[in-house]
Structure formats: structure tokens, C-alpha cells
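This is protein.txt. It holds compact mmCIF, C-alpha atoms and all ligand atoms.
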```txt
# COMPACT_ATOMS: atom_id res chain seq x y z
CA MET A 1155 -35.24 19.83 33.37
CA GLN A 1156 -33.63 23.23 33.83
CA THR A 1157 -30.64 23.96 31.58
CA GLU A 1158 -27.36 24.31 33.43
CA TYR A 1159 -25.26 27.12 32.09
CA ALA A 1160 -21.47 27.15 31.99
CA ILE A 1161 -21.38 30.86 31.16
CA GLU A 1162 -23.92 33.66 31.42
CA PHE A 1163 -23.35 37.23 30.28
CA LYS A 1164 -25.90 39.77 31.49
CA HIS A 1165 -25.50 43.20 29.93
CA VAL A 1166 -21.71 42.86 30.03
CA SER A 1167 -19.66 45.85 28.90
CA LYS A 1168 -15.93 46.43 28.79
CA ILE A 1169 -14.53 49.91 28.40
CA TYR A 1170 -11.08 50.94 27.21
CA ASN A 1171 -9.39 54.32 27.02
CA LEU A 1172 -8.42 55.58 23.63
CA LYS A 1173 -5.48 58.01 23.55
CA SER A 1174 -6.15 61.24 21.74
CA LYS A 1175 -4.38 61.72 18.36
CA ASP A 1176 -3.32 65.19 19.47
CA LYS A 1177 -0.45 64.84 22.00
CA ASN A 1178 -1.33 68.12 23.75
CA HIS A 1179 -4.91 67.08 24.10
CA LYS A 1180 -5.00 65.55 27.59
CA GLU A 1181 -8.51 64.16 27.45
CA SER A 1182 -8.77 60.58 26.28
CA LYS A 1183 -11.90 59.12 24.83
CA ARG A 1184 -13.52 56.02 26.22
CA PHE A 1185 -15.02 53.37 24.08
CA TYR A 1186 -16.77 50.06 24.41
CA ALA A 1187 -14.55 47.08 23.58
CA LEU A 1188 -17.72 45.12 24.36
CA LYS A 1189 -21.15 46.70 24.70
CA ASP A 1190 -24.18 45.28 26.50
CA ILE A 1191 -23.51 41.63 25.69
CA ASN A 1192 -26.14 39.06 26.68
CA PHE A 1193 -25.94 35.30 26.17
CA GLN A 1194 -26.13 31.97 27.94
CA ILE A 1195 -23.93 29.00 27.03
CA PRO A 1196 -25.21 25.65 28.33
CA LYS A 1197 -22.69 23.25 29.88
CA GLY A 1198 -21.06 20.98 27.32
CA GLU A 1199 -21.65 23.26 24.35
CA VAL A 1200 -18.91 24.00 21.83
CA VAL A 1201 -19.24 27.57 20.58
CA GLY A 1202 -17.26 29.19 17.77
CA VAL A 1203 -16.71 32.94 18.08
CA LEU A 1204 -16.43 34.95 14.87
CA GLY A 1205 -15.85 38.61 14.13
CA THR A 1206 -13.64 40.87 12.03
CA ASN A 1207 -10.40 42.39 13.41
CA GLY A 1208 -10.93 44.55 16.47
CA SER A 1209 -14.50 43.40 17.03
CA GLY A 1210 -13.88 42.34 20.64
CA LYS A 1211 -13.21 38.58 20.52
CA SER A 1212 -9.94 38.58 22.48
CA THR A 1213 -11.40 41.03 24.97
CA MET A 1214 -14.16 38.52 25.54
CA SER A 1215 -11.67 35.66 25.90
CA ILE A 1216 -9.68 37.40 28.66
CA ILE A 1217 -12.89 38.37 30.42
CA LEU A 1218 -14.12 34.79 30.24
CA ALA A 1219 -10.80 33.55 31.59
CA GLY A 1220 -11.03 35.94 34.53
CA ILE A 1221 -7.90 37.82 33.44
CA SER A 1222 -9.72 41.07 32.73
CA GLU A 1223 -12.54 42.68 34.74
CA ILE A 1224 -15.82 43.83 33.28
CA ASP A 1225 -16.97 47.43 33.72
CA ASP A 1226 -20.71 46.89 33.67
CA GLY A 1227 -23.19 44.04 33.84
CA GLU A 1228 -22.65 40.58 35.28
CA MET A 1229 -20.76 37.46 34.23
CA ILE A 1230 -21.54 34.10 35.81
CA VAL A 1231 -19.10 31.24 35.19
CA ASN A 1232 -19.76 27.74 36.51
CA GLY A 1233 -16.56 25.70 36.56
CA GLU A 1234 -12.80 26.09 36.21
CA GLN A 1235 -11.85 27.94 33.06
CA SER A 1236 -8.60 27.85 31.13
CA LEU A 1237 -7.49 30.11 28.28
CA ILE A 1238 -5.21 29.15 25.42
CA ALA A 1239 -4.09 32.21 23.49
CA ILE A 1240 -1.02 33.19 21.52
CA ASN A 1241 0.48 35.73 23.90
CA THR A 1242 -1.05 34.99 27.25
CA GLY A 1243 -0.41 32.79 30.19
CA LEU A 1244 3.32 32.11 29.86
CA ASN A 1245 6.03 33.85 31.84
CA MET A 1246 8.86 34.50 29.38
CA GLN A 1247 11.61 34.60 32.03
CA LEU A 1248 10.76 31.19 33.48
CA THR A 1249 11.50 27.80 31.92
CA GLY A 1250 8.71 25.65 30.52
CA MET A 1251 8.90 23.47 33.60
CA GLU A 1252 8.70 26.45 35.96
CA ASN A 1253 5.71 27.74 34.01
CA ILE A 1254 3.89 24.48 34.65
CA GLU A 1255 4.72 24.68 38.36
CA LEU A 1256 3.68 28.33 38.55
CA LYS A 1257 0.34 27.69 36.86
CA GLY A 1258 -0.27 24.71 39.15
CA ALA A 1259 0.59 26.76 42.24
CA LEU A 1260 -1.65 29.65 41.15
CA LEU A 1261 -4.52 27.20 40.75
CA GLY A 1262 -3.74 25.70 44.15
CA LEU A 1263 -3.08 22.21 42.75
CA SER A 1264 -1.41 19.48 44.77
CA LYS A 1265 2.21 18.44 44.11
CA LYS A 1266 0.97 15.11 42.75
CA ARG A 1267 -1.47 16.80 40.32
CA ILE A 1268 1.31 19.14 39.13
CA GLU A 1269 3.55 16.10 38.50
CA GLU A 1270 0.79 14.43 36.48
CA ILE A 1271 0.29 17.58 34.43
CA THR A 1272 4.06 17.84 33.87
CA GLU A 1273 4.15 14.28 32.54
CA GLY A 1274 1.21 15.06 30.26
CA VAL A 1275 2.91 18.22 28.96
CA ILE A 1276 6.21 16.41 28.29
CA GLU A 1277 4.34 13.87 26.19
CA PHE A 1278 1.99 16.27 24.44
CA ALA A 1279 4.21 19.27 23.71
CA GLU A 1280 7.14 17.28 22.27
CA ILE A 1281 9.62 20.07 22.88
CA GLY A 1282 12.24 17.86 24.52
CA ASP A 1283 14.93 19.56 26.60
CA PHE A 1284 13.58 22.98 25.72
CA LEU A 1285 11.26 22.42 28.66
CA TYR A 1286 14.25 23.39 30.83
CA GLN A 1287 15.04 26.57 28.87
CA PRO A 1288 13.47 30.00 29.51
CA VAL A 1289 10.38 30.48 27.37
CA LYS A 1290 11.87 33.67 25.86
CA LYS A 1291 14.20 31.36 23.91
CA TYR A 1292 11.31 29.45 22.33
CA SER A 1293 10.06 29.92 18.79
CA SER A 1294 6.43 31.07 18.53
CA GLY A 1295 5.39 27.54 17.55
CA MET A 1296 7.11 26.12 20.64
CA LYS A 1297 5.41 28.68 22.89
CA SER A 1298 2.12 27.67 21.37
CA ARG A 1299 2.94 23.97 21.96
CA LEU A 1300 3.72 24.64 25.62
CA GLY A 1301 0.70 26.89 26.21
CA PHE A 1302 -1.66 24.47 24.52
CA SER A 1303 -0.26 21.46 26.34
CA ILE A 1304 -0.44 23.02 29.81
CA ASN A 1305 -4.03 24.16 29.35
CA LEU A 1306 -5.22 20.95 27.75
CA CYS A 1307 -3.55 18.81 30.44
CA LEU A 1308 -5.24 20.87 33.14
CA ASN A 1309 -8.47 19.32 31.87
CA PRO A 1310 -10.57 22.44 32.57
CA ASP A 1311 -14.39 22.46 32.65
CA ILE A 1312 -14.39 25.41 30.28
CA LEU A 1313 -11.70 25.71 27.64
CA ILE A 1314 -11.26 28.99 25.79
CA VAL A 1315 -9.09 28.82 22.68
CA ASP A 1316 -8.21 32.17 21.11
CA GLU A 1317 -6.65 31.87 17.64
CA ALA A 1318 -3.95 29.65 19.11
CA LEU A 1319 -4.19 26.98 16.42
CA SER A 1320 -2.92 29.38 13.78
CA VAL A 1321 0.66 29.37 15.16
CA GLY A 1322 1.59 25.72 15.53
CA ASP A 1323 2.48 23.49 12.58
CA LYS A 1324 -0.17 21.36 10.90
CA GLY A 1325 0.70 18.15 12.75
CA PHE A 1326 0.46 19.83 16.13
CA ALA A 1327 -2.74 21.68 15.22
CA GLN A 1328 -4.33 18.32 14.35
CA LYS A 1329 -3.13 16.83 17.63
CA CYS A 1330 -4.75 19.76 19.47
CA ILE A 1331 -8.01 19.33 17.55
CA ASP A 1332 -8.01 15.60 18.45
CA LYS A 1333 -7.46 16.47 22.12
CA MET A 1334 -10.14 19.16 21.98
CA ASN A 1335 -12.50 16.58 20.49
CA GLU A 1336 -11.78 14.33 23.49
CA LEU A 1337 -12.69 17.19 25.83
CA LYS A 1338 -15.82 17.82 23.76
CA ASP A 1339 -16.81 14.13 24.08
CA ASP A 1340 -16.20 14.41 27.82
CA GLY A 1341 -18.89 17.10 27.92
CA LYS A 1342 -16.60 20.07 28.51
CA THR A 1343 -17.65 23.54 27.40
CA ILE A 1344 -15.41 24.98 24.70
CA ILE A 1345 -15.25 28.53 23.38
CA PHE A 1346 -13.32 28.49 20.13
CA ILE A 1347 -12.26 31.85 18.69
CA SER A 1348 -11.05 31.62 15.13
CA HIS A 1349 -10.89 33.47 11.84
CA SER A 1350 -11.17 30.13 10.09
CA LEU A 1351 -14.78 29.49 9.18
CA THR A 1352 -13.82 25.98 8.09
CA GLN A 1353 -12.44 25.14 11.54
CA VAL A 1354 -15.47 26.68 13.27
CA ARG A 1355 -17.93 24.80 11.05
CA GLU A 1356 -16.08 21.53 11.58
CA PHE A 1357 -15.52 21.75 15.30
CA CYS A 1358 -18.36 23.77 16.83
CA GLN A 1359 -22.04 23.15 17.49
CA LYS A 1360 -23.10 26.79 17.78
CA ALA A 1361 -21.58 30.07 16.66
CA MET A 1362 -21.45 33.59 18.01
CA TRP A 1363 -20.71 36.62 15.85
CA ILE A 1364 -19.36 39.73 17.54
CA GLU A 1365 -19.07 42.87 15.46
CA GLY A 1366 -18.09 46.35 16.59
CA GLY A 1367 -18.13 45.24 20.24
CA MET A 1368 -21.71 44.05 20.01
CA LEU A 1369 -23.26 40.62 19.81
CA LYS A 1370 -24.69 40.38 16.34
CA GLU A 1371 -25.84 36.76 16.30
CA TYR A 1372 -25.64 33.65 18.45
CA GLY A 1373 -27.21 30.37 17.46
CA ASP A 1374 -27.26 27.79 14.70
CA ILE A 1375 -23.73 27.14 13.44
CA GLU A 1376 -24.55 27.08 9.72
CA GLU A 1377 -26.78 30.14 9.83
CA VAL A 1378 -24.33 32.29 11.78
CA CYS A 1379 -21.34 31.16 9.68
CA ASP A 1380 -23.25 31.87 6.44
CA HIS A 1381 -24.27 35.35 7.61
CA TYR A 1382 -20.72 36.13 8.75
CA ALA A 1383 -19.25 34.88 5.46
CA GLU A 1384 -21.71 37.10 3.55
CA TYR A 1385 -20.63 40.11 5.63
CA VAL A 1386 -16.91 39.41 5.09
CA GLU A 1387 -17.54 39.11 1.35
CA TYR A 1388 -19.50 42.38 1.34
CA TYR A 1389 -16.78 44.15 3.36
CA ASN A 1390 -13.93 42.89 1.19
CA ALA A 1391 -15.69 44.10 -1.95
CA LEU A 1392 -15.80 47.69 -0.63
CA SER A 1393 -13.36 50.33 -1.85
CA ASN A 1394 -10.79 51.60 0.67
CA GLN A 1395 -12.83 54.75 1.14
CA GLU A 1396 -15.99 52.75 1.79
CA LYS A 1397 -14.10 50.47 4.20
CA ASN A 1398 -12.94 53.52 6.18
CA ALA A 1399 -16.50 54.83 6.31
CA GLU A 1400 -17.76 51.42 7.49
CA ARG A 1401 -15.10 51.30 10.23
CA ASP A 1402 -15.91 54.87 11.34
CA ARG A 1403 -19.62 54.07 11.42
CA LYS A 1404 -19.01 51.02 13.60
CA PHE A 1405 -16.60 52.88 15.84
CA ALA A 1406 -18.98 55.81 16.36
CA LYS A 1407 -21.40 53.39 18.01
CA ARG A 1408 -18.71 52.36 20.50
CA ILE A 1409 -17.68 55.81 21.70
CA ILE A 1410 -19.22 56.47 25.08
CA LYS A 1411 -21.66 59.27 25.39
CA ALA A 1412 -22.31 59.11 29.08
CA GLU A 1413 -25.99 59.28 29.95
CA PRO A 1414 -26.99 60.66 33.39
CA GLY A 1415 -25.84 58.32 36.16
CA PHE A 1416 -23.55 56.27 33.90
CA TRP A 1417 -20.22 57.28 35.46
CA LYS A 1418 -21.63 57.07 38.97
CA ARG A 1419 -22.64 53.47 38.28
CA ILE A 1420 -19.18 52.60 36.90
CA LEU A 1421 -17.41 54.31 39.82
CA ASP A 1422 -19.64 52.59 42.40
CA LYS A 1423 -18.83 49.29 40.77
CA LEU A 1424 -15.10 49.99 40.96
CA ARG A 1425 -15.28 51.22 44.57
CA PHE A 1426 -17.76 48.81 46.05
CA GLY A 1427 -17.80 45.96 43.55
CA LYS A 1428 -21.58 46.45 43.14
N1 LIG B 1501 -5.67 47.07 26.56
C1 LIG B 1501 -6.34 47.77 25.66
N2 LIG B 1501 -6.45 49.11 25.75
C2 LIG B 1501 -7.14 49.82 24.85
N3 LIG B 1501 -7.79 49.29 23.79
C3 LIG B 1501 -7.73 47.96 23.65
C4 LIG B 1501 -6.99 47.12 24.55
N4 LIG B 1501 -7.12 45.83 24.15
C5 LIG B 1501 -7.88 45.85 23.03
N5 LIG B 1501 -8.25 47.11 22.73
C6 LIG B 1501 -9.13 47.55 21.63
O1 LIG B 1501 -10.39 46.92 21.84
C7 LIG B 1501 -10.98 46.55 20.59
C8 LIG B 1501 -11.26 45.05 20.59
O2 LIG B 1501 -10.02 44.37 20.56
P1 LIG B 1501 -9.89 42.78 20.55
O3 LIG B 1501 -8.45 42.43 20.64
O4 LIG B 1501 -10.82 42.23 21.58
O5 LIG B 1501 -10.46 42.42 19.11
P2 LIG B 1501 -10.46 41.03 18.31
O6 LIG B 1501 -11.84 40.81 17.84
O7 LIG B 1501 -9.84 39.97 19.15
O8 LIG B 1501 -9.52 41.38 17.08
P3 LIG B 1501 -8.52 40.49 16.19
O9 LIG B 1501 -9.38 39.65 15.33
O10 LIG B 1501 -7.81 41.55 15.41
O11 LIG B 1501 -7.63 39.73 17.12
C9 LIG B 1501 -9.98 46.99 19.52
O12 LIG B 1501 -10.40 48.24 19.04
C10 LIG B 1501 -8.67 47.12 20.26
O13 LIG B 1501 -7.84 48.07 19.67
```
Using the file provided, produce a representation of the structure as C-alpha cells.
Amino acid sequence: MQTEYAIEFKHVSKIYNLKSKDKNHKESKRFYALKDINFQIPKGEVVGVLGTNGSGKSTMSIILAGISEIDDGEMIVNGEQSLIAINTGLNMQLTGMENIELKGALLGLSKKRIEEITEGVIEFAEIGDFLYQPVKKYSSGMKSRLGFSINLCLNPDILIVDEALSVGDKGFAQKCIDKMNELKDDGKTIIFISHSLTQVREFCQKAMWIEGGMLKEYGDIEEVCDHYAEYVEYYNALSNQEKNAERDRKFAKRIIKAEPGFWKRILDKLRFGK
């Protein structure tokens, strides 16, 4: 039987502009936030994403969620995806309730479905009357409760969780893990981005390690986690000077040196969506 994929990345790259240090220097450099990423995630798989700060994990999460466009390559997503992240997805001016309605409307859900989701959120988030207050008045834990609850209650085919568990209190984090386990048992695809190797080992079936914008490893959970842990240990043992050199070395590989035809390809893609 042919494997059905929830997500396929084919030579996916994401480019960002980097402002020049020198204020008078108009030209800005371009660099790869993600560079030539290839992988296939079968439906129903739970994948942990690891990588040191700035490696490209959040960039990947917003690309996966359809919030950010790719600059090169192709991404194929089969199913409705939903992203839970610390600072995304909530409108700060609107109340919790209005945020639920807005999200429902953007997804084109029926009034009845939005009411069901609202009931689910009231029960799951446990933020009481704060649901009728603007989100800007919430604590970060309460924002996380609301964001988590909305996205979990939407029951997406593909759930992307970006470091969101680190904000809520322990009781709520456990409640989210239990709910995520339910989704896992239901055969949903979950992409779990976390700095906690313990959480990744416990919750995921496979792991992906992104470093310096590139896919370093993707496969067996224990193997990838062990290799990542070894790297973190190696990096932490470096002197500050060595750490700087390591960062510069990684960054040098991300700066774009345009080969012939590169910019034409990017521009054509922007103009014609090719
Ligand atoms: N909007 C943006 N414009 C320019 N550069 C950006 C933008 N967003 C992210 N970057 C840069 O892209 C690189 C990847 O960032 P990203 O947030 O994806 O990393 P991360 O792996 O999620 O890091 P962390 O573990 O620190 O959250 C970083 O160098 C970051 O500074």
C-alpha cells in the first residue's frame, strides 16, 4: 500500500532580509532561514522538531501553518492544519470569545460548529469571565490557555505546537498533553516543536533536527534525540570565543550567494506563483 503523506517538503527554502549593521549602508543581506529542506511526514505520525536557537523551527511552523510563504521549492499539505504558538493566532484587541468567532469565520465554519468550539474552549481553557475581556488584558499563561484551547477544539488533521507548553502552568500543560495524546490516538498528525528533549522523547514517534536552517536528521526518535543532545553538550562546553566562531560558521552557510538564474527563479515565483 502506498504511504499517504500529511506533509511533504520538496527543496523548500525561506529567505529573510538581514539589515546591515552600518546604518548608511543601504544594501541588506539575504539569508536562508530554511535552506533546501526535504522530508515526508506520513499521516498520523507524531514528529518532534529539535534545534538550537535561531535554527529555523518557528519559521518552519509558520510555513507549515500556511501563515508564511516559501521562497523556493514546494510544500504539499494534505488536511486542515492548526498552529499553537506563544505569540501567534490571537488578536489582542478582541475578547477571547471574539477570537473564537473570528477564527471560526476565517475557517468558514458554520454557526453551530463555532458554538460547539466555544463550549469546548470554555470547558478546556478554564479562564472564566476573562473570555469576555480583550486578550491584551490576559496574562501570558491565560493567552496560552486560550490559544491552546481554540486550536485543540478545532480538532485539526495536522496540529503544529511551537513551544507553547512552556508558558502554561504544570496542570494545564498536562491537560494539553492528555488532549494531544487523544488526537494522537485518533490518528492525527502532530508536529511538536520543543526545547525539551524529555517531552519530545515521551510524546513523539520520530524526531527532526534542524540546525542552521538545514535539515540535519530526520528519523528514529532515540537516535535523533541522542545526536542532538550530544551536539548541545558539545556546544555548551565551548568557550564564548569558540561559540561565536561556531555561530559565524553556521551563519556563513546561510548567506545567499546568488548563482546564475537564482534571482530570476525567485522573482518568477513571486510574480507568477510558479
Ligand atoms: N521576520 C523575520 N525577518 C528576518 N529574520 C527573521 C524573521 N523571523 C525569523 N528570522 C530569523 O530567522 C532565523 C530562524 O528563526 P526561527 O525563529 O525560525 O528560529 P527557531 O529555531 O524557532 O529559534 P528559537 O529556538 O530561538 O525560537 C533566525 O536567525 C531569526 O533571527
- Item | Separation of CA of Lys1266 (chain A) from CA of Tyr1286 (chain A), in Å and rounded to one decimal | 19.7 Å
Output as CSV one row per residue of chain A within 7 Å of ligand LIG 1501 (chain B): the closest atom pair and its distance in Å to one decimal place, counting all atoms listed in the file, sorted by chain and residue number ascending.
```
residue,atom,partner,partner_atom,distance
A:Tyr1170,CA,B:LIG1501,C2,4.7
A:Asn1171,CA,B:LIG1501,C2,5.5
A:Leu1172,CA,B:LIG1501,C2,6.0
A:Ala1187,CA,B:LIG1501,O1,4.5
A:Gly1205,CA,B:LIG1501,O6,5.9
A:Thr1206,CA,B:LIG1501,O9,5.5
A:Asn1207,CA,B:LIG1501,O10,3.4
A:Gly1208,CA,B:LIG1501,O5,3.4
A:Ser1209,CA,B:LIG1501,O6,3.8
A:Gly1210,CA,B:LIG1501,O4,3.2
A:Lys1211,CA,B:LIG1501,O6,3.7
A:Ser1212,CA,B:LIG1501,O7,3.6
A:Thr1213,CA,B:LIG1501,O4,3.6
A:Met1214,CA,B:LIG1501,O4,6.4
A:Gly1367,CA,B:LIG1501,C8,6.9
```
Which region 1161-1278 of chain A residues have any atom within 9 Å of an atom of region 1352-1361 of chain A, and for each, what is the nearest pair of atoms with distance in Å to one decimal, counting all atoms listed in the file, rows sorted by chain and number, as a Markdown table?
```
| residue | atom | partner | partner_atom | distance |
| --- | --- | --- | --- | --- |
| A:Glu1199 | CA | A:Gln1359 | CA | 6.9 |
| A:Val1200 | CA | A:Cys1358 | CA | 5.0 |
| A:Val1201 | CA | A:Lys1360 | CA | 4.8 |
| A:Gly1202 | CA | A:Ala1361 | CA | 4.5 |
| A:Val1203 | CA | A:Ala1361 | CA | 5.8 |
| A:Leu1204 | CA | A:Ala1361 | CA | 7.3 |
```
Quick one: write out the picked residues with C-alpha atoms as a short mmCIF file (atom, residue, chain, number, x, y, z; two decimals), in the frame of the given file?
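And here's part11.cif as it stands now:
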```
data_model
loop_
_atom_site.label_atom_id
_atom_site.label_comp_id
_atom_site.auth_asym_id
_atom_site.auth_seq_id
_atom_site.Cartn_x
_atom_site.Cartn_y
_atom_site.Cartn_z
CA GLU A 1199 -21.65 23.26 24.35
CA VAL A 1200 -18.91 24.00 21.83
CA VAL A 1201 -19.24 27.57 20.58
CA GLY A 1202 -17.26 29.19 17.77
CA VAL A 1203 -16.71 32.94 18.08
CA LEU A 1204 -16.43 34.95 14.87
#
```
Got a sec: who's within 7 Å of region 1406-1420 of chain A, counting all atoms listed in the file, leaving out chain neighbours fewer than 4 positions off, as an mmCIF file with C-alpha atoms, in the coordinates of the input?
```cif
data_model
loop_
_atom_site.group_PDB
_atom_site.id
_atom_site.type_symbol
_atom_site.label_atom_id
_atom_site.label_comp_id
_atom_site.auth_asym_id
_atom_site.auth_seq_id
_atom_site.Cartn_x
_atom_site.Cartn_y
_atom_site.Cartn_z
ATOM 1 C CA ARG A 1184 -13.520 56.020 26.220
ATOM 2 C CA PHE A 1185 -15.020 53.370 24.080
ATOM 3 C CA TYR A 1186 -16.770 50.060 24.410
ATOM 4 C CA ASP A 1225 -16.970 47.430 33.720
ATOM 5 C CA ASP A 1226 -20.710 46.890 33.670
ATOM 6 C CA ASP A 1402 -15.910 54.870 11.340
ATOM 7 C CA LEU A 1424 -15.100 49.990 40.960
#
```
Find the residues with any atom within 9 Å of (8.0, 20.4, 40.6); use only C-alpha atoms and the coordinates as given in the file, and write the answer as a PDB file with C-alpha atoms, keeping the file's coordinate frame.
```pdb
ATOM      1  CA  MET A1251       8.900  23.470  33.600  1.00  0.00           C
ATOM      2  CA  GLU A1252       8.700  26.450  35.960  1.00  0.00           C
ATOM      3  CA  ILE A1254       3.890  24.480  34.650  1.00  0.00           C
ATOM      4  CA  GLU A1255       4.720  24.680  38.360  1.00  0.00           C
ATOM      5  CA  LYS A1265       2.210  18.440  44.110  1.00  0.00           C
ATOM      6  CA  ILE A1268       1.310  19.140  39.130  1.00  0.00           C
ATOM      7  CA  GLU A1269       3.550  16.100  38.500  1.00  0.00           C
ATOM      8  CA  THR A1272       4.060  17.840  33.870  1.00  0.00           C
TER       9      THR A1272
END
```
- Would you work out the distance separating CA of Lys1290 (chain A) from CA of Leu1306 (chain A), expressed in Å to one decimal?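 Distance between the two atoms: 21.4 Å.
Residues with any atom within 10 Å of Leu1256 (chain A), counting only C-alpha atoms and excluding same-chain neighbours fewer than 6 positions away, are Leu1244, Asn1245, Leu1248, Gly1250, Gly1262 and Ile1268 of chain A.
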- Query: Can you tell me, as a PyMOL selection string, what residues are no more than 12 Å from Ile1281 (chain A) when counting all atoms listed in the file, ignoring any on the same chain fewer than 6 positions away?
  - Reply: chain A and resi 1250-1251+1275+1287+1289+1292-1293+1295-1301+1303+1326
Could you turn the residues from that selection into a file that holds C-alpha atoms, as an mmCIF file, in the coordinates of the input?
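Below is the file again_29.cif, written as the result:
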```cif
data_model
loop_
_atom_site.group_PDB
_atom_site.id
_atom_site.type_symbol
_atom_site.label_atom_id
_atom_site.label_comp_id
_atom_site.auth_asym_id
_atom_site.auth_seq_id
_atom_site.Cartn_x
_atom_site.Cartn_y
_atom_site.Cartn_z
ATOM 1 C CA GLY A 1250 8.710 25.650 30.520
ATOM 2 C CA MET A 1251 8.900 23.470 33.600
ATOM 3 C CA VAL A 1275 2.910 18.220 28.960
ATOM 4 C CA GLN A 1287 15.040 26.570 28.870
ATOM 5 C CA VAL A 1289 10.380 30.480 27.370
ATOM 6 C CA TYR A 1292 11.310 29.450 22.330
ATOM 7 C CA SER A 1293 10.060 29.920 18.790
ATOM 8 C CA GLY A 1295 5.390 27.540 17.550
ATOM 9 C CA MET A 1296 7.110 26.120 20.640
ATOM 10 C CA LYS A 1297 5.410 28.680 22.890
ATOM 11 C CA SER A 1298 2.120 27.670 21.370
ATOM 12 C CA ARG A 1299 2.940 23.970 21.960
ATOM 13 C CA LEU A 1300 3.720 24.640 25.620
ATOM 14 C CA GLY A 1301 0.700 26.890 26.210
ATOM 15 C CA SER A 1303 -0.260 21.460 26.340
ATOM 16 C CA PHE A 1326 0.460 19.830 16.130
#
```
Residues within 12 Å of region 1215-1223 of chain A, only C-alpha atoms, excluding chain neighbours under 6 positions, as a PDB file with C-alpha atoms, in the coordinates of the input:
```pdb
ATOM      1  CA  ALA A1160     -21.470  27.150  31.990  1.00  0.00           C
ATOM      2  CA  ILE A1161     -21.380  30.860  31.160  1.00  0.00           C
ATOM      3  CA  GLU A1162     -23.920  33.660  31.420  1.00  0.00           C
ATOM      4  CA  PHE A1163     -23.350  37.230  30.280  1.00  0.00           C
ATOM      5  CA  VAL A1166     -21.710  42.860  30.030  1.00  0.00           C
ATOM      6  CA  SER A1167     -19.660  45.850  28.900  1.00  0.00           C
ATOM      7  CA  LYS A1168     -15.930  46.430  28.790  1.00  0.00           C
ATOM      8  CA  ILE A1169     -14.530  49.910  28.400  1.00  0.00           C
ATOM      9  CA  TYR A1170     -11.080  50.940  27.210  1.00  0.00           C
ATOM     10  CA  ALA A1187     -14.550  47.080  23.580  1.00  0.00           C
ATOM     11  CA  LEU A1188     -17.720  45.120  24.360  1.00  0.00           C
ATOM     12  CA  ILE A1195     -23.930  29.000  27.030  1.00  0.00           C
ATOM     13  CA  GLY A1202     -17.260  29.190  17.770  1.00  0.00           C
ATOM     14  CA  VAL A1203     -16.710  32.940  18.080  1.00  0.00           C
ATOM     15  CA  MET A1229     -20.760  37.460  34.230  1.00  0.00           C
ATOM     16  CA  ILE A1230     -21.540  34.100  35.810  1.00  0.00           C
ATOM     17  CA  VAL A1231     -19.100  31.240  35.190  1.00  0.00           C
ATOM     18  CA  ASN A1232     -19.760  27.740  36.510  1.00  0.00           C
ATOM     19  CA  GLY A1233     -16.560  25.700  36.560  1.00  0.00           C
ATOM     20  CA  GLU A1234     -12.800  26.090  36.210  1.00  0.00           C
ATOM     21  CA  GLN A1235     -11.850  27.940  33.060  1.00  0.00           C
ATOM     22  CA  SER A1236      -8.600  27.850  31.130  1.00  0.00           C
ATOM     23  CA  LEU A1237      -7.490  30.110  28.280  1.00  0.00           C
ATOM     24  CA  ILE A1238      -5.210  29.150  25.420  1.00  0.00           C
ATOM     25  CA  ALA A1239      -4.090  32.210  23.490  1.00  0.00           C
ATOM     26  CA  ILE A1240      -1.020  33.190  21.520  1.00  0.00           C
ATOM     27  CA  ASN A1241       0.480  35.730  23.900  1.00  0.00           C
ATOM     28  CA  THR A1242      -1.050  34.990  27.250  1.00  0.00           C
ATOM     29  CA  GLY A1243      -0.410  32.790  30.190  1.00  0.00           C
ATOM     30  CA  ASN A1305      -4.030  24.160  29.350  1.00  0.00           C
ATOM     31  CA  PRO A1310     -10.570  22.440  32.570  1.00  0.00           C
ATOM     32  CA  ASP A1311     -14.390  22.460  32.650  1.00  0.00           C
ATOM     33  CA  ILE A1312     -14.390  25.410  30.280  1.00  0.00           C
ATOM     34  CA  LEU A1313     -11.700  25.710  27.640  1.00  0.00           C
ATOM     35  CA  ILE A1314     -11.260  28.990  25.790  1.00  0.00           C
ATOM     36  CA  VAL A1315      -9.090  28.820  22.680  1.00  0.00           C
ATOM     37  CA  ASP A1316      -8.210  32.170  21.110  1.00  0.00           C
ATOM     38  CA  GLU A1317      -6.650  31.870  17.640  1.00  0.00           C
ATOM     39  CA  ALA A1318      -3.950  29.650  19.110  1.00  0.00           C
ATOM     40  CA  ILE A1344     -15.410  24.980  24.700  1.00  0.00           C
ATOM     41  CA  ILE A1345     -15.250  28.530  23.380  1.00  0.00           C
ATOM     42  CA  PHE A1346     -13.320  28.490  20.130  1.00  0.00           C
ATOM     43  CA  ILE A1347     -12.260  31.850  18.690  1.00  0.00           C
ATOM     44  CA  SER A1348     -11.050  31.620  15.130  1.00  0.00           C
ATOM     45  CA  LYS A1423     -18.830  49.290  40.770  1.00  0.00           C
ATOM     46  CA  LEU A1424     -15.100  49.990  40.960  1.00  0.00           C
ATOM     47  CA  GLY A1427     -17.800  45.960  43.550  1.00  0.00           C
TER      48      GLY A1427
END
```
- So what do you get for CA of Tyr1388 (chain A) versus CA of Gly1366 (chain A), distance-wise?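 These two atoms are separated by 15.8 Å.
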- From A:Ala1391, A:Gly1282, A:Gly1274, A:His1349, residue lying nearest Lys1333 (chain A) [only C-alpha atoms]: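 Going through A:Ala1391, A:Gly1282, A:Gly1274, A:His1349 one by one, the smallest distance to Lys1333 (chain A) is for A:Gly1274.
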- Message: Restricting the calculation to only C-alpha atoms: of A:His1381, A:Arg1425, A:Lys1404, A:Lys1197, which residue gets closest to Tyr1159 (chain A)?
- Response: A:Lys1197
